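Report on the structure given below.
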Amino acid sequence: MTTLNIVVCVKQVPDTAVERTLTPEGTLDRESPDGLINELDEYAIEEGLKIAEAHGGEVTILSMGPAKAADSVRKALSMGADKAVHVLDDGLAGSDALATSAALAAALTRVGFDLVILGSESTDARTGVVPAMLAERLGVPQLTLAATVEVSGAGVTIHRLTEDGYAVVTGSLPAVVSVVEKINEPRYPTFKGIMAAKKKPVRTLTLADLAVDTGAVGLAGAATGIADWAARPPRTAGVVVKDEGDGGSQVAGFLAERKFI
Amino acid sequence: MSSAPSARPRLDPHDPAGLDSLLSEEELAVRQTVRDFCADKILPHVASWYERGELPGVRELTRELGKIGLLGMHLTGYGCAGMSAVDYGLACLELEAADSGLRSLVSVQGSLAMFAIWKFGSQAHKSEWLPRMAAGEAIGCFGLTEPDAGSDPASMRTSASRDGSDWILSGRKMWITNGSIADIAVVWARTGDGVRGFVVPAGTPGFSAPEIKHKGSLRASVTAELVLDSVRLPGDAVLPEVTGLRGPLSCLNEARFGIFWGALGAARTCYETALEYAKTREQFGHPIAAYQLTQEKLANMAVELAKGQLLALHFGRLKDQGRLAPEHVSIAKLNSTREALEICRSARTVLGGNGISYEFPVMRHMANLESVLTYEGTPEMHTLVIGQALTGHSAFRG
Ligand SMILES: Cc1cc2nc3c(=O)[nH]c(=O)nc-3n(C[C@H](O)[C@H](O)[C@H](O)COP(=O)(O)OP(=O)(O)OC[C@H]3O[C@@H](n4cnc5c(N)ncnc54)[C@H](O)[C@@H]3O)c2cc1C
């Protein structure tokens, strides 16, 4: 293989440090709070850049999201990615994981890829199923929850994080890989990277460009729905344990009651 | 865009001047990068570095700063990032919001040592040193001040004389930031033709840099003496492109630009700390933020921060247009450092007893600013510079 065509999927999510709100439909309000790159996606970008640096290749950022998501695309480019594709269409608002994977798969088919890298979940929806759905739709191997990724020849090998260690998983290229935060330490955008990002190509694709049926995506096409929702009850005062000789057993009892021990 | 009646403009307490709206997308990205770097790499450790008076891992840290492009960021070529003056100012503000010592490291490296070589060095000086300094592989220092020559550098005693084609450098420099960790020192000395700058590699025989201990300020920064005991340098060690005090003074002018932005960072941290504290600390049944006397303190902090930032940005834009005079720099250096120190002192009172604890950043910033107020021209010196520009009379010599 001469140059690897690496595509990293990047999602803009609301800043977890600020209060998030829901729309009347029960989906996350993506307009009001400041958007950031989903944290795990930064690890995916880093891994994509590292693989491209080691093996030769090009990194394309693929992001589906509202116009504001352009900020996250720009940041990914300033970290060093070569170009980007922004899937932007009002019809996509309210897409669930199934719908998202349909739109992303259409875009990936259109763009072409040897290796697709994603964060293993997003901090907003936290379903963690998009990488698997994507691989299924594309008909390529899925190597998920990677703590290491090695590309060699026409194959890819990962250490898949498990409860008590890791499993070594190998697949052929093209493939979809999702990464966990153990995998690397994402780089900071460099100043030169920030200036260079201004000139990197960003292609915008609509549902029509991708020939995706509008009924298959968005709120209308979502296979899952929000039946009901409630705000988390405000925090209540904690329990103060006064140690009068039996402090230890009181704390142990408290933890046991909540099934922590 | 139609605006609903409720969408009246509001003051953002974290940006009282509304500065963000005046910055470009790239400028915001530069600022965010430095802010994120400080949050990850500096803030978790800096209080303990300060308390111990040490900078462990400073070489690795300098390399990381270099990787982002922070070292000599406003210079062009030789691996430097070639950013604007405003970008440089914003970066200094974020660094100093973490600690003045860290900003000092970057100022001395980029605006004093690298700038001197970039502006006045030979081609050989530039290609030998600038790429390594930009990458943070080599650390630089800048020796102007002496035990008996501070505000009046013209009275310096350090001298360089010819011995065949070589130079022999003798004297002592005092209060030199980065001195004992530097790989290269730019040293200013008097010669038969006036003050000249010399590039002195740290290993040169006769050169030593004992660290200055017992500092009550800038403790997360390395400060040293430079001892020059008949240091023999080749003839080409002299910076060829400048003679006279204009050389070091033009470097100081660059560094002061970063300082007047930077000091506002220290002030911002103290203001934000005081604001948060005042909202949560209750006495006499209410948050102390609800009392007029506290509000006056917070309001004054916000007002001075807003004014200082707008002046910094305005002067930054002028610098990018090549229209910033040294006297402008004096105005902003004097204003920023003076008001930043006042903001920190006022913030300290808002925190009460906690204000003197290193558990909070206020006392550290306040003590740091005592150095920042003094170095690169004391308030008195900048006042005299402004006074001379206004009246035409020089009042430096009584
Ligand atoms: C932490 C730290 C780091 C430093 N880093 C460096 C460095 O990297 N490189 C370097 O070269 N220097 C460095 N300096 C030195 C700094 O620039 C000097 O301390 C500063 O210029 C003041 O000089 P001085 O300390 O000798 O004070 P002096 O010049 O002796 O001044 C003492 C007081 O007298 C006042 N004064 C002097 N002359 C007049 C006058 N004509 N009218 C009215 N008042 C007057 C001053 O304003 C001041 O208040 C550093 C200093 C510190 C504290």
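By order in the structure tokens, chains are A, B, ...; within a chain, residues start at 1; ligands start at 1, following the order shown.
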
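With only C-alpha atoms and all ligand atoms as the atoms that count, the set of residues no farther than 6 Å from ligand 1 is Phe142, Gly143, Leu144, Thr145, Ala149, Gly150, Ser151, Trp175, Ile176, Thr177, Leu218, Ser371, Thr374, Tyr375, Glu376, Gly377, Thr378, Glu380, Met381, Phe396 and Arg397 of chain B.
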
Resulting file, chosen residues, N, CA and C atoms, as an mmCIF file, in the first residue's frame:
```cif
data_model
loop_
_atom_site.group_PDB
_atom_site.id
_atom_site.type_symbol
_atom_site.label_atom_id
_atom_site.label_comp_id
_atom_site.auth_asym_id
_atom_site.auth_seq_id
_atom_site.Cartn_x
_atom_site.Cartn_y
_atom_site.Cartn_z
ATOM 1 N N PHE B 142 19.508 36.427 29.088
ATOM 2 C CA PHE B 142 19.824 37.760 28.587
ATOM 3 C C PHE B 142 20.422 38.543 29.742
ATOM 4 N N GLY B 143 21.698 38.878 29.638
ATOM 5 C CA GLY B 143 22.376 39.533 30.760
ATOM 6 C C GLY B 143 22.643 40.994 30.506
ATOM 7 N N LEU B 144 21.837 41.825 31.128
ATOM 8 C CA LEU B 144 22.046 43.274 31.043
ATOM 9 C C LEU B 144 22.320 43.840 32.442
ATOM 10 N N THR B 145 21.396 43.546 33.384
ATOM 11 C CA THR B 145 21.482 44.118 34.730
ATOM 12 C C THR B 145 22.734 43.630 35.468
ATOM 13 N N ALA B 149 24.326 48.247 38.372
ATOM 14 C CA ALA B 149 23.714 48.928 37.220
ATOM 15 C C ALA B 149 22.380 48.270 36.887
ATOM 16 N N GLY B 150 21.290 48.863 37.369
ATOM 17 C CA GLY B 150 19.953 48.325 37.130
ATOM 18 C C GLY B 150 19.183 49.228 36.202
ATOM 19 N N SER B 151 18.519 50.220 36.789
ATOM 20 C CA SER B 151 17.740 51.149 35.970
ATOM 21 C C SER B 151 18.640 51.945 35.021
ATOM 22 N N TRP B 175 20.498 39.021 38.603
ATOM 23 C CA TRP B 175 19.053 38.841 38.377
ATOM 24 C C TRP B 175 18.748 38.317 36.990
ATOM 25 N N ILE B 176 19.501 37.334 36.537
ATOM 26 C CA ILE B 176 19.323 36.894 35.157
ATOM 27 C C ILE B 176 18.388 35.682 35.093
ATOM 28 N N THR B 177 17.200 35.922 34.543
ATOM 29 C CA THR B 177 16.193 34.864 34.382
ATOM 30 C C THR B 177 16.744 33.769 33.467
ATOM 31 N N LEU B 218 8.458 35.208 42.022
ATOM 32 C CA LEU B 218 8.923 34.432 40.859
ATOM 33 C C LEU B 218 9.688 33.187 41.291
ATOM 34 N N SER B 371 7.916 41.388 41.199
ATOM 35 C CA SER B 371 9.048 41.309 40.253
ATOM 36 C C SER B 371 8.670 41.909 38.910
ATOM 37 N N THR B 374 8.855 45.473 38.741
ATOM 38 C CA THR B 374 10.209 46.033 38.800
ATOM 39 C C THR B 374 11.054 45.740 37.575
ATOM 40 N N TYR B 375 10.965 44.489 37.065
ATOM 41 C CA TYR B 375 11.895 44.195 35.963
ATOM 42 C C TYR B 375 11.417 44.818 34.657
ATOM 43 N N GLU B 376 12.333 44.894 33.727
ATOM 44 C CA GLU B 376 12.029 45.496 32.419
ATOM 45 C C GLU B 376 11.564 46.936 32.576
ATOM 46 N N GLY B 377 12.194 47.643 33.511
ATOM 47 C CA GLY B 377 11.857 49.041 33.735
ATOM 48 C C GLY B 377 10.881 49.183 34.881
ATOM 49 N N THR B 378 11.347 49.833 35.948
ATOM 50 C CA THR B 378 10.489 50.040 37.120
ATOM 51 C C THR B 378 9.390 51.055 36.758
ATOM 52 N N GLU B 380 8.902 53.806 38.065
ATOM 53 C CA GLU B 380 9.526 55.134 38.039
ATOM 54 C C GLU B 380 10.168 55.404 36.673
ATOM 55 N N MET B 381 10.861 54.391 36.148
ATOM 56 C CA MET B 381 11.526 54.577 34.851
ATOM 57 C C MET B 381 10.505 54.837 33.742
ATOM 58 N N PHE B 396 15.792 62.006 34.200
ATOM 59 C CA PHE B 396 16.476 60.824 34.744
ATOM 60 C C PHE B 396 17.662 61.186 35.627
ATOM 61 N N ARG B 397 18.256 62.321 35.369
ATOM 62 C CA ARG B 397 19.487 62.623 36.087
ATOM 63 C C ARG B 397 19.327 63.795 37.043
#
```

Problem set entry | Residues of chain A within 10 Å of chain B, counting only C-alpha atoms, as an MDAnalysis selection string | chainID A and resid 71 74:75 78 187:195 197:198

Can you tell me, as a short mmCIF file (atom, residue, chain, number, x, y, z; two decimals) with N, CA and C atoms, in the first residue's frame, what residues are no more than 7 Å from A:Leu36 when counting only C-alpha atoms, ignoring any on the same chain fewer than 6 positions away?
```cif
data_model
loop_
_atom_site.label_atom_id
_atom_site.label_comp_id
_atom_site.auth_asym_id
_atom_site.auth_seq_id
_atom_site.Cartn_x
_atom_site.Cartn_y
_atom_site.Cartn_z
N GLN A 12 -18.92 17.14 17.22
CA GLN A 12 -18.91 18.27 18.15
C GLN A 12 -19.97 18.03 19.20
N VAL A 13 -19.57 18.16 20.46
CA VAL A 13 -20.51 17.93 21.57
C VAL A 13 -20.54 19.16 22.45
N PRO A 14 -21.62 19.35 23.23
CA PRO A 14 -21.63 20.48 24.15
C PRO A 14 -20.57 20.29 25.23
N ASP A 15 -19.98 21.38 25.65
CA ASP A 15 -18.97 21.36 26.70
C ASP A 15 -19.57 20.72 27.96
N SER A 72 -15.08 22.63 15.32
CA SER A 72 -14.38 21.40 15.69
C SER A 72 -13.58 20.86 14.52
#
```

Problem set entry | Residues within 7 Å of B:Ala278, only C-alpha atoms, excluding chain neighbours under 4 positions, as JSON, numbers by chain | {"B": [274, 287, 288, 289, 350]}

Emit the selected residues as a tab-separated table (two decimals), in the first residue's frame, including N, CA and C atoms.
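Output contents, as saved in result-v4.tsv:
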```tsv
chain	number	residue	atom	x	y	z
B	274	ALA	N	-11.36	35.76	43.27
B	274	ALA	CA	-12.07	36.59	44.26
B	274	ALA	C	-13.57	36.58	43.99
B	287	PRO	N	-23.80	35.91	51.37
B	287	PRO	CA	-22.51	35.83	50.67
B	287	PRO	C	-21.82	37.20	50.76
B	288	ILE	N	-20.52	37.19	50.94
B	288	ILE	CA	-19.83	38.50	51.06
B	288	ILE	C	-19.96	39.29	49.75
B	289	ALA	N	-20.26	38.60	48.63
B	289	ALA	CA	-20.48	39.30	47.35
B	289	ALA	C	-21.69	40.23	47.43
B	350	VAL	N	-10.31	40.02	49.65
B	350	VAL	CA	-11.62	39.38	49.51
B	350	VAL	C	-11.56	37.95	50.06
```

For this session: Please identify which residues in stretch 162-319 of chain B DSSP calls strand (DSSP E or B) from the backbone, and express them as JSON, numbers by chain.
Result: {"B": [162, 163, 166, 167, 168, 169, 170, 171, 172, 173, 174, 175, 176, 177, 184, 185, 186, 187, 188, 189, 190, 191, 194, 195, 196, 197, 198, 199, 200, 201, 207, 208, 211, 223, 224, 225, 226, 227, 228, 229, 230, 231, 232, 233, 238, 282, 283, 286, 287]}

For this session: Might you pull out every residue within 8 Å of stretch 178-192 of chain B, with only C-alpha atoms counted and same-chain residues fewer than 3 positions away left off, and present them as number ranges by chain?
Result: B: 105, 108, 113, 116, 138-144, 156-161, 169, 195-203, 208-211, 221-226, 248

For this session: Just list the residues in stretch 32-190 of chain A DSSP gives helix (DSSP H, G or I) on the backbone, as JSON, numbers by chain.
Result: {"A": [39, 40, 41, 42, 43, 44, 45, 46, 47, 48, 49, 50, 51, 52, 53, 54, 55, 67, 68, 69, 70, 71, 72, 73, 74, 75, 76, 77, 78, 79, 90, 91, 92, 97, 98, 99, 100, 101, 102, 103, 104, 105, 106, 107, 108, 109, 110, 111, 130, 131, 132, 133, 134, 135, 136, 137, 138, 181, 182, 183]}

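Here atom CA of A:Val239 and atom CA of A:Ala17 stand 25.7 Å from one another.
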
Exercise. If we count only C-alpha atoms, what is near stretch 154-168 of chain A at a cut-off of 9 Å, once residues fewer than 6 positions away on the same chain are taken out, given as a PyMOL selection string?
Worked result: chain A and resi 1+115+143-148+174-175+177+179-180

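Straight-line separation from atom CA of A:Gly218 to atom CA of A:Thr204: 17.7 Å.
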
Long-range neighbours of stretch 50-62 of chain A as a PDB file with C-alpha atoms, in the first residue's frame, 7 Å cut-off, only C-alpha atoms, 6 positions minimum in chain:
```
ATOM      1  CA  THR A   3      -0.510   5.911   1.126  1.00  0.00           C
ATOM      2  CA  LEU A   4      -3.144   5.071   3.650  1.00  0.00           C
ATOM      3  CA  ASN A   5      -6.413   6.884   3.347  1.00  0.00           C
ATOM      4  CA  ILE A   6      -7.354   7.429   6.990  1.00  0.00           C
ATOM      5  CA  VAL A   7     -10.697   8.968   7.906  1.00  0.00           C
ATOM      6  CA  VAL A   8     -11.304  10.114  11.475  1.00  0.00           C
ATOM      7  CA  CYS A   9     -14.896  10.761  12.522  1.00  0.00           C
ATOM      8  CA  VAL A  10     -15.257  13.799  14.755  1.00  0.00           C
ATOM      9  CA  VAL A  73     -13.447  20.550  12.131  1.00  0.00           C
ATOM     10  CA  ALA A  81      -5.270  16.505   9.599  1.00  0.00           C
ATOM     11  CA  ASP A  82      -5.058  17.165   5.873  1.00  0.00           C
ATOM     12  CA  LYS A  83      -8.635  17.878   4.854  1.00  0.00           C
ATOM     13  CA  ALA A  84     -12.210  17.538   6.005  1.00  0.00           C
ATOM     14  CA  VAL A  85     -15.703  16.610   4.990  1.00  0.00           C
ATOM     15  CA  HIS A  86     -18.592  18.214   6.838  1.00  0.00           C
TER      16      HIS A  86
END
```

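Each of A:Leu205, A:Ala132, A:Leu173, A:Ala256 was compared to A:Gly119 using only C-alpha atoms, and A:Ala132 turns out to be the nearest.
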
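Distance check against A:Gly80 using only C-alpha atoms: of A:Ala106, A:Ile261, A:Leu49, A:Leu138, the minimum falls on A:Leu49.
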